[in-house]
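**Q** Contents of model.cif (mmCIF, C-alpha atoms and all ligand atoms) are below:
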```cif
data_protein
#
loop_
_atom_site.label_atom_id
_atom_site.label_comp_id
_atom_site.auth_asym_id
_atom_site.auth_seq_id
_atom_site.Cartn_x
_atom_site.Cartn_y
_atom_site.Cartn_z
CA MET Y 258 10.65 -12.49 3.68
CA ILE Y 259 8.03 -10.50 5.59
CA HIS Y 260 8.76 -7.94 8.32
CA LEU Y 261 6.50 -6.07 10.69
CA GLN Y 262 7.04 -2.59 12.11
CA GLN Y 263 4.97 -0.04 13.95
CA GLY Y 264 5.39 3.60 12.95
CA ASP Y 265 5.37 6.12 10.14
CA ILE Y 266 5.79 4.70 6.64
CA THR Y 267 7.27 7.96 5.33
CA LEU Y 268 10.48 7.14 7.24
CA PHE Y 269 11.00 3.80 5.44
CA GLU Y 270 14.40 3.37 3.84
CA GLY Y 271 14.16 0.93 0.96
CA ASP Y 272 13.11 0.77 -2.68
CA ALA Y 273 9.46 1.74 -2.37
CA ILE Y 274 6.57 2.57 -0.11
CA VAL Y 275 2.95 1.99 -1.03
CA ASN Y 276 0.40 4.78 -0.70
CA ALA Y 277 -3.26 4.16 0.19
CA ALA Y 278 -4.47 6.72 -2.33
CA ASN Y 279 -7.84 7.55 -3.88
CA SER Y 280 -8.76 7.28 -7.55
CA SER Y 281 -8.10 10.94 -8.31
CA LEU Y 282 -4.48 10.63 -7.09
CA GLN Y 283 -4.74 14.23 -5.91
CA GLY Y 284 -3.71 13.54 -2.33
CA GLY Y 285 -5.89 13.43 0.75
CA GLY Y 286 -5.69 12.69 4.46
CA GLY Y 287 -4.25 9.76 6.41
CA VAL Y 288 -1.18 8.05 5.02
CA ASP Y 289 -1.77 9.68 1.62
CA GLY Y 290 -1.48 13.15 3.15
CA ALA Y 291 1.58 12.15 5.16
CA ILE Y 292 3.36 10.81 2.05
CA HIS Y 293 2.68 13.91 -0.04
CA ARG Y 294 3.69 16.24 2.80
CA ALA Y 295 6.96 14.42 3.37
CA GLY Y 296 7.71 13.73 -0.30
CA GLY Y 297 7.00 17.18 -1.71
CA SER Y 298 5.21 18.44 -4.82
CA VAL Y 299 6.99 16.27 -7.39
CA ILE Y 300 4.85 13.26 -6.41
CA LEU Y 301 1.60 15.17 -6.92
CA GLU Y 302 2.85 16.52 -10.26
CA GLU Y 303 3.61 13.02 -11.52
CA CYS Y 304 0.24 11.76 -10.29
CA ALA Y 305 -1.57 14.60 -12.09
CA ALA Y 306 0.33 13.93 -15.33
CA TRP Y 307 -0.53 10.23 -15.08
CA VAL Y 308 -4.24 10.97 -14.58
CA ARG Y 309 -4.27 13.40 -17.51
CA LYS Y 310 -2.89 10.61 -19.70
CA ASN Y 311 -4.67 7.54 -18.30
CA GLY Y 312 -7.74 8.79 -16.43
CA VAL Y 313 -8.45 7.97 -12.79
CA LEU Y 314 -6.82 4.96 -11.13
CA PRO Y 315 -9.48 2.28 -10.58
CA THR Y 316 -9.94 0.59 -7.19
CA GLY Y 317 -7.54 -2.33 -6.79
CA LYS Y 318 -5.03 -1.05 -9.38
CA ALA Y 319 -1.61 0.49 -8.80
CA MET Y 320 0.75 2.96 -10.47
CA ILE Y 321 4.21 4.29 -9.61
CA THR Y 322 5.87 7.68 -9.20
CA SER Y 323 9.20 8.85 -7.95
CA ALA Y 324 9.49 9.64 -4.25
CA GLY Y 325 10.66 13.26 -4.04
CA ASN Y 326 12.20 13.96 -0.64
CA LEU Y 327 11.34 10.59 0.87
CA ARG Y 328 14.05 8.13 1.90
CA CYS Y 329 12.92 5.54 -0.67
CA ASN Y 330 13.18 5.70 -4.47
CA TRP Y 331 9.59 5.07 -5.47
CA VAL Y 332 6.01 5.49 -4.30
CA ILE Y 333 3.50 2.93 -5.52
CA HIS Y 334 -0.01 4.38 -5.36
CA THR Y 335 -2.92 2.01 -5.03
CA VAL Y 336 -6.62 2.56 -4.35
CA GLY Y 337 -8.19 0.40 -1.69
CA PRO Y 338 -11.91 -0.37 -1.64
CA VAL Y 339 -14.32 1.61 0.52
CA TRP Y 340 -15.91 -0.85 2.97
CA ASN Y 341 -19.51 -1.58 1.99
CA ASN Y 342 -20.49 -4.39 4.38
CA GLY Y 343 -18.63 -6.90 2.25
CA LEU Y 344 -21.13 -6.57 -0.58
CA LYS Y 345 -18.86 -5.05 -3.22
CA ASP Y 346 -16.01 -7.56 -3.62
CA GLU Y 347 -14.00 -5.64 -1.06
CA ASP Y 348 -11.79 -8.63 -0.14
CA LEU Y 349 -10.88 -9.27 -3.75
CA LEU Y 350 -10.23 -5.59 -4.47
CA LEU Y 351 -8.08 -5.21 -1.36
CA SER Y 352 -6.08 -8.29 -2.32
CA SER Y 353 -5.59 -6.79 -5.80
CA CYS Y 354 -4.03 -3.70 -4.23
CA TYR Y 355 -1.29 -5.81 -2.65
CA ILE Y 356 -0.83 -8.08 -5.69
CA ASN Y 357 -0.75 -5.28 -8.27
CA SER Y 358 1.70 -3.28 -6.13
CA LEU Y 359 3.95 -6.32 -5.88
CA HIS Y 360 3.77 -6.84 -9.66
CA ILE Y 361 5.20 -3.33 -10.06
CA CYS Y 362 7.99 -4.22 -7.60
CA ARG Y 363 8.72 -7.33 -9.67
CA GLU Y 364 8.79 -5.37 -12.95
CA LYS Y 365 11.21 -2.84 -11.45
CA LYS Y 366 13.33 -5.57 -9.84
CA MET Y 367 12.90 -4.00 -6.42
CA ARG Y 368 14.27 -5.66 -3.32
CA SER Y 369 12.23 -3.98 -0.60
CA VAL Y 370 8.79 -2.45 -0.23
CA ALA Y 371 6.67 -1.24 2.68
CA PHE Y 372 2.88 -1.39 2.86
CA PRO Y 373 0.51 0.57 5.12
CA ASN Y 374 -2.76 -1.02 6.23
CA ILE Y 375 -4.68 -0.10 3.09
CA SER Y 376 -8.39 0.79 3.46
CA THR Y 377 -8.41 0.52 7.28
CA GLY Y 378 -8.69 4.27 7.92
CA ALA Y 379 -11.03 6.57 6.03
CA TYR Y 380 -12.26 3.64 3.91
CA ARG Y 381 -13.42 1.75 7.09
CA PHE Y 382 -12.45 -1.80 6.09
CA PRO Y 383 -12.61 -3.89 9.32
CA LYS Y 384 -9.02 -4.20 10.51
CA PRO Y 385 -9.01 -7.94 11.35
CA ASP Y 386 -10.33 -8.87 7.90
CA ALA Y 387 -8.04 -6.43 6.12
CA ALA Y 388 -5.01 -7.83 7.97
CA GLU Y 389 -5.89 -11.37 6.92
CA VAL Y 390 -6.31 -10.36 3.29
CA ALA Y 391 -3.06 -8.40 3.32
CA VAL Y 392 -0.94 -11.15 4.85
CA ALA Y 393 -2.45 -13.93 2.71
CA SER Y 394 -2.06 -11.92 -0.50
CA VAL Y 395 1.57 -11.08 0.15
CA GLN Y 396 2.41 -14.62 1.27
CA ASN Y 397 0.79 -16.09 -1.86
CA PHE Y 398 2.59 -13.70 -4.15
CA LEU Y 399 5.98 -14.29 -2.56
CA SER Y 400 5.61 -18.06 -2.44
CA SER Y 401 4.52 -18.29 -6.08
CA GLY Y 402 7.49 -16.38 -7.54
CA GLU Y 403 11.25 -16.38 -7.62
CA ASP Y 404 11.57 -12.75 -6.55
CA ASP Y 405 13.82 -11.55 -3.81
CA ILE Y 406 11.48 -8.92 -2.40
CA GLU Y 407 11.42 -8.07 1.29
CA VAL Y 408 7.98 -6.85 2.32
CA THR Y 409 7.50 -4.75 5.45
CA PHE Y 410 4.05 -4.11 6.87
CA ILE Y 411 4.14 -0.78 8.69
CA CYS Y 412 1.26 -0.44 11.13
CA PHE Y 413 0.51 3.02 12.44
CA ASP Y 414 -2.02 2.18 15.13
CA ASP Y 415 -1.78 -0.32 18.00
CA HIS Y 416 -4.80 -2.35 16.92
CA ASN Y 417 -3.41 -3.12 13.47
CA TYR Y 418 0.02 -3.83 14.93
CA ARG Y 419 -1.40 -6.41 17.36
CA LEU Y 420 -3.43 -8.07 14.59
CA TYR Y 421 -0.37 -8.40 12.33
CA GLN Y 422 1.74 -9.67 15.23
CA LYS Y 423 -0.74 -12.50 15.69
CA LEU Y 424 -0.93 -13.34 11.99
CA LEU Y 425 2.81 -13.27 11.40
N1 LIG Y 501 2.33 5.69 8.15
C1 LIG Y 501 1.75 4.48 8.12
N2 LIG Y 501 0.42 4.28 8.25
C2 LIG Y 501 -0.35 5.39 8.41
C3 LIG Y 501 0.17 6.69 8.46
C4 LIG Y 501 1.59 6.82 8.32
N3 LIG Y 501 2.19 8.02 8.34
N4 LIG Y 501 -0.86 7.55 8.64
C5 LIG Y 501 -1.99 6.81 8.71
N5 LIG Y 501 -1.69 5.50 8.58
P1 LIG Y 501 -6.04 5.91 5.48
P2 LIG Y 501 -7.64 4.38 3.55
C6 LIG Y 501 -2.58 4.32 8.59
O1 LIG Y 501 -7.22 6.63 5.96
O2 LIG Y 501 -8.48 3.83 4.64
C7 LIG Y 501 -7.05 9.30 2.18
O3 LIG Y 501 -7.62 10.55 2.39
C8 LIG Y 501 -3.90 4.45 9.30
O4 LIG Y 501 -3.74 4.20 10.71
O5 LIG Y 501 -4.78 6.66 5.26
O6 LIG Y 501 -7.13 3.45 2.48
C9 LIG Y 501 -6.90 8.95 0.72
O7 LIG Y 501 -6.69 10.09 -0.10
C10 LIG Y 501 -4.71 3.33 8.65
O8 LIG Y 501 -4.52 2.11 9.34
O9 LIG Y 501 -6.34 5.16 4.04
C11 LIG Y 501 -8.20 8.29 0.40
O10 LIG Y 501 -9.20 9.22 0.09
C12 LIG Y 501 -4.08 3.19 7.26
O11 LIG Y 501 -2.94 4.05 7.26
C13 LIG Y 501 -8.56 7.58 1.68
O12 LIG Y 501 -7.91 8.29 2.74
C14 LIG Y 501 -5.00 3.59 6.12
O13 LIG Y 501 -5.76 4.72 6.48
C15 LIG Y 501 -8.04 6.16 1.71
O14 LIG Y 501 -8.50 5.53 2.87
#
```
With the file now loaded, output its structure as structure tokens.

**A**
Amino acid sequence: MIHLQQGDITLFEGDAIVNAANSSLQGGGGVDGAIHRAGGSVILEECAAWVRKNGVLPTGKAMITSAGNLRCNWVIHTVGPVWNNGLKDEDLLLSSCYINSLHICREKKMRSVAFPNISTGAYRFPKPDAAEVAVASVQNFLSSGEDDIEVTFICFDDHNYRLYQKLL
């Protein structure tokens, strides 16, 4: 089951939201900044503890923290690829962000998760290509498993929203 919404992912009420983080997990701008502002310091503290133990989070991987003051229970942090003219396996790495986040949902037996449009802001991934990768990755994951996970794509900007409307 895949849903589409336009708006602010920090308002999502469900099991988890996904954060388009960077490898340091120290927060930043865009959706990352919005999530940390709304969720409070506990998220940053858990991220820092995780990095002290495991090192930085590589591009395409995902980890999970609690969600502080947010309306969901968990935040899954993943690191999208920086767009480099398609020369650095960006499609594959972006797909891994969605797949690895969904693996965490499966492990935790979650029923609902919301994704932002990873890499399409500061990391400059072309929005049409990113939307195709996102939708195909989620569809493949859901159709290849027995999970009961509802996925919501939450688009912030009009362009992404129109692209997802077409694809879905
Ligand atoms: N809810 C949903 N989507 C949002 C929100 C929001 N509140 N705010 C922005 N977006 P970006 P990236 C959309 O730049 O490209 C950070 O500084 C936005 O319209 O947040 O993966 C990190 O720390 C865009 O479509 O993430 C990293 O350093 C999408 O979120 C770096 O930016 C992603 O834009 C990651 O860059």

**Q** Considering only C-alpha atoms, return as an MDAnalysis selection string whatever protein or nucleic-acid residues lie within 7 Å of stretch 268-270 of chain Y, sequence-local ones (same chain, fewer than 3 positions apart) excluded.

**A** chainID Y and resid 265 328:329

**Q** So how many Å separate atom CA of Y:Ile356 and atom CA of Y:Phe398, to one decimal?

**A**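 Distance reported for this atom pair: 6.8 Å.
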
**Q** Each residue of chain Y lying at most 6 Å from ligand LIG 501 (chain Y) should get a row with its shortest atom-to-atom pair and the distance in Å to one decimal, counting all atoms listed in the file; could you produce that, ordered by chain and increasing number, as a tab-separated table?

**A**
```
residue	atom	partner	partner_atom	distance
Y:Asp265	CA	Y:LIG501	N1	3.7
Y:Ile266	CA	Y:LIG501	N1	3.9
Y:Thr267	CA	Y:LIG501	N3	5.9
Y:Ala277	CA	Y:LIG501	O6	4.6
Y:Ala278	CA	Y:LIG501	C9	4.5
Y:Asn279	CA	Y:LIG501	C11	4.4
Y:Gly284	CA	Y:LIG501	O7	5.1
Y:Gly285	CA	Y:LIG501	O7	3.5
Y:Gly286	CA	Y:LIG501	O3	3.5
Y:Gly287	CA	Y:LIG501	O5	3.3
Y:Val288	CA	Y:LIG501	N4	3.7
Y:Asp289	CA	Y:LIG501	O7	5.2
Y:Ala291	CA	Y:LIG501	N3	5.2
Y:Gly337	CA	Y:LIG501	O6	5.3
Y:Pro373	CA	Y:LIG501	N2	4.9
Y:Asn374	CA	Y:LIG501	C12	4.5
Y:Ile375	CA	Y:LIG501	O6	4.4
Y:Ser376	CA	Y:LIG501	O6	3.1
Y:Thr377	CA	Y:LIG501	O2	4.2
Y:Gly378	CA	Y:LIG501	O13	3.3
Y:Ala379	CA	Y:LIG501	O1	3.8
Y:Tyr380	CA	Y:LIG501	O2	3.9
Y:Arg381	CA	Y:LIG501	O2	5.9
Y:Ile411	CA	Y:LIG501	C1	5.8
Y:Cys412	CA	Y:LIG501	N2	5.6
Y:Phe413	CA	Y:LIG501	N2	4.4
Y:Asp414	CA	Y:LIG501	O4	5.2
```

**Q** Next, dump the selected residues to file, keeping only C-alpha atoms, as a PDB file, in the frame of the given file.

**A**
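Result file follows (out37.pdb):
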```pdb
ATOM      1  CA  ASP Y 265       5.370   6.120  10.140  1.00  0.00           C
ATOM      2  CA  ILE Y 266       5.790   4.700   6.640  1.00  0.00           C
ATOM      3  CA  THR Y 267       7.270   7.960   5.330  1.00  0.00           C
ATOM      4  CA  ALA Y 277      -3.260   4.160   0.190  1.00  0.00           C
ATOM      5  CA  ALA Y 278      -4.470   6.720  -2.330  1.00  0.00           C
ATOM      6  CA  ASN Y 279      -7.840   7.550  -3.880  1.00  0.00           C
ATOM      7  CA  GLY Y 284      -3.710  13.540  -2.330  1.00  0.00           C
ATOM      8  CA  GLY Y 285      -5.890  13.430   0.750  1.00  0.00           C
ATOM      9  CA  GLY Y 286      -5.690  12.690   4.460  1.00  0.00           C
ATOM     10  CA  GLY Y 287      -4.250   9.760   6.410  1.00  0.00           C
ATOM     11  CA  VAL Y 288      -1.180   8.050   5.020  1.00  0.00           C
ATOM     12  CA  ASP Y 289      -1.770   9.680   1.620  1.00  0.00           C
ATOM     13  CA  ALA Y 291       1.580  12.150   5.160  1.00  0.00           C
ATOM     14  CA  GLY Y 337      -8.190   0.400  -1.690  1.00  0.00           C
ATOM     15  CA  PRO Y 373       0.510   0.570   5.120  1.00  0.00           C
ATOM     16  CA  ASN Y 374      -2.760  -1.020   6.230  1.00  0.00           C
ATOM     17  CA  ILE Y 375      -4.680  -0.100   3.090  1.00  0.00           C
ATOM     18  CA  SER Y 376      -8.390   0.790   3.460  1.00  0.00           C
ATOM     19  CA  THR Y 377      -8.410   0.520   7.280  1.00  0.00           C
ATOM     20  CA  GLY Y 378      -8.690   4.270   7.920  1.00  0.00           C
ATOM     21  CA  ALA Y 379     -11.030   6.570   6.030  1.00  0.00           C
ATOM     22  CA  TYR Y 380     -12.260   3.640   3.910  1.00  0.00           C
ATOM     23  CA  ARG Y 381     -13.420   1.750   7.090  1.00  0.00           C
ATOM     24  CA  ILE Y 411       4.140  -0.780   8.690  1.00  0.00           C
ATOM     25  CA  CYS Y 412       1.260  -0.440  11.130  1.00  0.00           C
ATOM     26  CA  PHE Y 413       0.510   3.020  12.440  1.00  0.00           C
ATOM     27  CA  ASP Y 414      -2.020   2.180  15.130  1.00  0.00           C
TER      28      ASP Y 414
END
```

**Q** Neighbouring residues of Y:Ser298 were defined as those with any atom within 8 Å, considering all atoms listed in the file; residues of the same chain fewer than 4 positions away were excluded. Please report them as an MDAnalysis selection string.

**A** chainID Y and resid 293 302 325

**Q** Next, the residues of the selection above should be written as a PDB file, keeping the file's coordinate frame with C-alpha atoms.

**A**
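Here's the written file again33.pdb:
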```
ATOM      1  CA  HIS Y 293       2.680  13.910  -0.040  1.00  0.00           C
ATOM      2  CA  GLU Y 302       2.850  16.520 -10.260  1.00  0.00           C
ATOM      3  CA  GLY Y 325      10.660  13.260  -4.040  1.00  0.00           C
TER       4      GLY Y 325
END
```

**Q** Neighbours of stretch 390-392 of chain Y within 9 Å (only C-alpha atoms; same-chain residues fewer than 3 positions away dropped), as a ChimeraX atom specification?

**A** /Y:348-349,351-352,354-355,374-375,385-387,395-397,410,421,424-425

**Q** I need the chosen residues saved as a short mmCIF file (atom, residue, chain, number, x, y, z; two decimals), in the frame of the given file, with C-alpha atoms.

**A**
```cif
data_model
loop_
_atom_site.label_atom_id
_atom_site.label_comp_id
_atom_site.auth_asym_id
_atom_site.auth_seq_id
_atom_site.Cartn_x
_atom_site.Cartn_y
_atom_site.Cartn_z
CA ASP Y 348 -11.79 -8.63 -0.14
CA LEU Y 349 -10.88 -9.27 -3.75
CA LEU Y 351 -8.08 -5.21 -1.36
CA SER Y 352 -6.08 -8.29 -2.32
CA CYS Y 354 -4.03 -3.70 -4.23
CA TYR Y 355 -1.29 -5.81 -2.65
CA ASN Y 374 -2.76 -1.02 6.23
CA ILE Y 375 -4.68 -0.10 3.09
CA PRO Y 385 -9.01 -7.94 11.35
CA ASP Y 386 -10.33 -8.87 7.90
CA ALA Y 387 -8.04 -6.43 6.12
CA VAL Y 395 1.57 -11.08 0.15
CA GLN Y 396 2.41 -14.62 1.27
CA ASN Y 397 0.79 -16.09 -1.86
CA PHE Y 410 4.05 -4.11 6.87
CA TYR Y 421 -0.37 -8.40 12.33
CA LEU Y 424 -0.93 -13.34 11.99
CA LEU Y 425 2.81 -13.27 11.40
#
```

**Q** Counting all atoms listed in the file, which residues in stretch 290-377 of chain Y sit no more than 7 Å from stretch 400-406 of chain Y? For each one, give the nearest pair of atoms and the distance in Å, sorted by chain then residue number, as a Markdown table.

**A**
```
| residue | atom | partner | partner_atom | distance |
| --- | --- | --- | --- | --- |
| Y:Arg363 | CA | Y:Asp404 | CA | 6.9 |
| Y:Met367 | CA | Y:Ile406 | CA | 6.5 |
| Y:Arg368 | CA | Y:Ile406 | CA | 4.4 |
| Y:Ser369 | CA | Y:Ile406 | CA | 5.3 |
```

**Q** Around (-8.2, 2.3, -10.1) in the file's frame, which residues reach within 12 Å when counting all atoms listed in the file? Return as a PyMOL selection string?

**A** chain Y and resi 277-282+308+311-320+334-338+350-351+353-354+357

**Q** For the atom pair atom CA of Y:Ala273 and atom CA of Y:Val299, what is the interatomic distance in Å to one decimal place?

**A** 15.6 Å

**Q** Expressed in Å to a single decimal, how great is the separation between atom CA of Y:Pro383 and atom CA of Y:Asn342?

**A** 9.3 Å

**Q** Near Y:Ile333, within 8 Å and counting all atoms listed in the file, which residues show up once chain neighbours fewer than 6 positions away are dropped, as an mmCIF file with C-alpha atoms, keeping the file's coordinate frame?

**A**
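Contents of the output file part19.cif:
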```
data_model
loop_
_atom_site.group_PDB
_atom_site.id
_atom_site.type_symbol
_atom_site.label_atom_id
_atom_site.label_comp_id
_atom_site.auth_asym_id
_atom_site.auth_seq_id
_atom_site.Cartn_x
_atom_site.Cartn_y
_atom_site.Cartn_z
ATOM 1 C CA ALA Y 273 9.460 1.740 -2.370
ATOM 2 C CA ILE Y 274 6.570 2.570 -0.110
ATOM 3 C CA VAL Y 275 2.950 1.990 -1.030
ATOM 4 C CA ASN Y 276 0.400 4.780 -0.700
ATOM 5 C CA ALA Y 319 -1.610 0.490 -8.800
ATOM 6 C CA MET Y 320 0.750 2.960 -10.470
ATOM 7 C CA ILE Y 321 4.210 4.290 -9.610
ATOM 8 C CA THR Y 322 5.870 7.680 -9.200
ATOM 9 C CA SER Y 358 1.700 -3.280 -6.130
ATOM 10 C CA ILE Y 361 5.200 -3.330 -10.060
#
```
